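**Q** Sharing a structure, written as structure tokens. Questions coming.
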Amino acid sequence: MSGKIINSILLVNISLLFSFHQPGFKQQQITYKRVKTAYTNTWDKLQMDIKSKNIDPSHFEIYLRIFKHEAVLEAWIRQKPADPFVLLKSYAICAKSGVLGPKRKQGDGQVPEGFYDIVAFQPQSNYHLALKVGYPNTSDRILAGKNDPGGDIMIHGNCVTIGCIPIQDQFIEELYVLCVESKSQGQKIKADLYPLKFQSKDTVLLSDYSYENKAFWRNLRKAYFIFEQTKIPAKVGLEKNGTYLIDK
């Protein structure tokens with residue numbers, strides 16, 4: 001057997017050894033002081049809140065909805081993939097940036113609008129704790145055209161923002177813990193960002209914006225109402241031009 005083959009086998013075996021002994025996601029997260037403190041501060045009460053919804057706190061899914069005009073972040077939970085979600089918590093967004101409308105370029109100060117996943121956890125954020133929103137998604141990249149769409153959009157604490165979604169530190173601790181619990185069970189956490197609640201009387205605000213935004217918002221509106229009616233997130237696809245395809 002050649003030396004190269006032996007070395008390759010050794011590298012594979014070493015890799016497998018380390019992969020089997022890596023701590024789980026939750027165990028890894030609570031090695032960070034802020035996350036451990038967040039668990040101490042919030043988890044007992046959160047478990048009671050979850051049980052009050054007839055959901056097992058040891059196994060649940062979380063789904064986030066964010067509304068820019070109303071400045072609110074909603075955390076919904078359910079037990080199983082086929083179940084409808086129930087509202088667990090609503091958090092006030094404590095600082096705003098930009099105007100109604102999607103983010104299309106770096107430095108525009110806009111909070112994105114669209115359908116995203118939580119793609120990273122930041123236990124040592126400069127803003128207490130942070131959850132990274134998966135902006136730009138494929139739609140954003142297409143619709144940004146030749147512009148750099150930007151990135152690094154976070155849900156975080158420490159009420160300051162340029163394009164992010166800040167909530168109070170005690171609330172980001174709750175939300176971060178909920179997301180760690182859900183992520184540790186293998187869930188992909190969805191976060192849908194809307195300009196406003198489309199059934200609100202404030203929908204008239206959207207009439208002041210460009211046709212391009214109105215067409216974009218019609219798609220978002222369809223997904224909003226699917227969830228309002230079923231409490232299950234819409235299925236979201238994509239056309240070649242970047243337009244979302246929305247279905248139940």
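A note on labels: chains of the structure tokens are A, B, ... as shown, every chain counts residues from 1, and ligands are counted from 1 in their shown order.
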Do you know which residues are at most 12 Å from Phe216 (chain A) counting only C-alpha atoms, after dropping those on the same chain fewer than 6 positions away, and could you put them as a PDB file with C-alpha atoms, in the first residue's frame?

**A**
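Heads up, here's the output in selection.pdb:
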ATOM      1  CA  LEU A 100     -40.989  50.420   3.436  1.00  0.00           C
ATOM      2  CA  GLY A 101     -39.641  48.434   0.508  1.00  0.00           C
ATOM      3  CA  PRO A 102     -37.050  45.699  -0.115  1.00  0.00           C
ATOM      4  CA  LYS A 103     -33.288  46.017   0.216  1.00  0.00           C
ATOM      5  CA  GLU A 113     -38.351  42.079   2.739  1.00  0.00           C
ATOM      6  CA  GLY A 114     -38.924  38.510   1.611  1.00  0.00           C
ATOM      7  CA  SER A 139     -34.383  36.492  -5.458  1.00  0.00           C
ATOM      8  CA  ASP A 140     -32.496  39.417  -3.908  1.00  0.00           C
ATOM      9  CA  LEU A 143     -33.477  41.752  -8.425  1.00  0.00           C
ATOM     10  CA  TYR A 194     -42.905  41.956   5.549  1.00  0.00           C
ATOM     11  CA  PRO A 195     -43.371  45.708   5.052  1.00  0.00           C
ATOM     12  CA  LEU A 206     -48.084  51.246   0.163  1.00  0.00           C
ATOM     13  CA  TYR A 209     -44.597  53.571  -3.693  1.00  0.00           C
ATOM     14  CA  SER A 210     -43.477  52.538  -7.166  1.00  0.00           C
ATOM     15  CA  LYS A 222     -50.335  36.238  -0.884  1.00  0.00           C
ATOM     16  CA  ALA A 223     -47.910  34.440   1.447  1.00  0.00           C
ATOM     17  CA  ASN A 241     -36.707  36.807 -13.108  1.00  0.00           C
ATOM     18  CA  GLY A 242     -36.481  36.641  -9.305  1.00  0.00           C
ATOM     19  CA  THR A 243     -40.224  36.780  -8.632  1.00  0.00           C
ATOM     20  CA  TYR A 244     -41.400  34.571  -5.794  1.00  0.00           C
ATOM     21  CA  LEU A 245     -43.822  31.755  -6.614  1.00  0.00           C
ATOM     22  CA  ILE A 246     -46.257  31.399  -3.726  1.00  0.00           C
TER      23      ILE A 246
END

**Q** Quick one: residues within 7 Å of Phe115 (chain A), only C-alpha atoms, excluding same-chain residues fewer than 5 positions away - as a ChimeraX atom specification?

**A** /A:191-193

**Q** By how many Å are CA of Val236 (chain A) and CA of Gln187 (chain A) apart?

**A**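 We find that CA of Val236 (chain A) and CA of Gln187 (chain A) lie 17.3 Å from each other.
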
**Q** Do you know which residues are at most 8 Å from Ser182 (chain A) counting only C-alpha atoms, after dropping those on the same chain fewer than 3 positions away, and could you put them as a list in words?

**A**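 So, after excluding close chain neighbours, the residues are His59, Phe60, Glu61, Ile62, Leu178, Cys179, Gln185, Gly186, Gln187 and Ile189 of chain A.
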
**Q** Create the file for the chosen residues now, containing C-alpha atoms and written as a short mmCIF file (atom, residue, chain, number, x, y, z; two decimals), in the first residue's frame.

**A**
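This went into result-v1.cif:
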data_model
loop_
_atom_site.label_atom_id
_atom_site.label_comp_id
_atom_site.auth_asym_id
_atom_site.auth_seq_id
_atom_site.Cartn_x
_atom_site.Cartn_y
_atom_site.Cartn_z
CA HIS A 59 -39.16 19.18 20.86
CA PHE A 60 -40.65 22.05 18.86
CA GLU A 61 -40.20 24.10 15.70
CA ILE A 62 -40.01 27.89 15.56
CA LEU A 178 -35.69 29.43 21.45
CA CYS A 179 -33.75 29.30 18.20
CA GLN A 185 -33.28 19.48 16.88
CA GLY A 186 -32.27 19.92 13.23
CA GLN A 187 -34.86 22.48 12.20
CA ILE A 189 -35.61 28.23 11.00
#

**Q** Determine the nearest neighbour of Gln110 (chain A) from the options A:Leu205, A:Val133, A:Ala144, A:Ile153, counting only C-alpha atoms.

**A**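 Of the candidates, the smallest distance to Gln110 (chain A) is held by A:Ile153.
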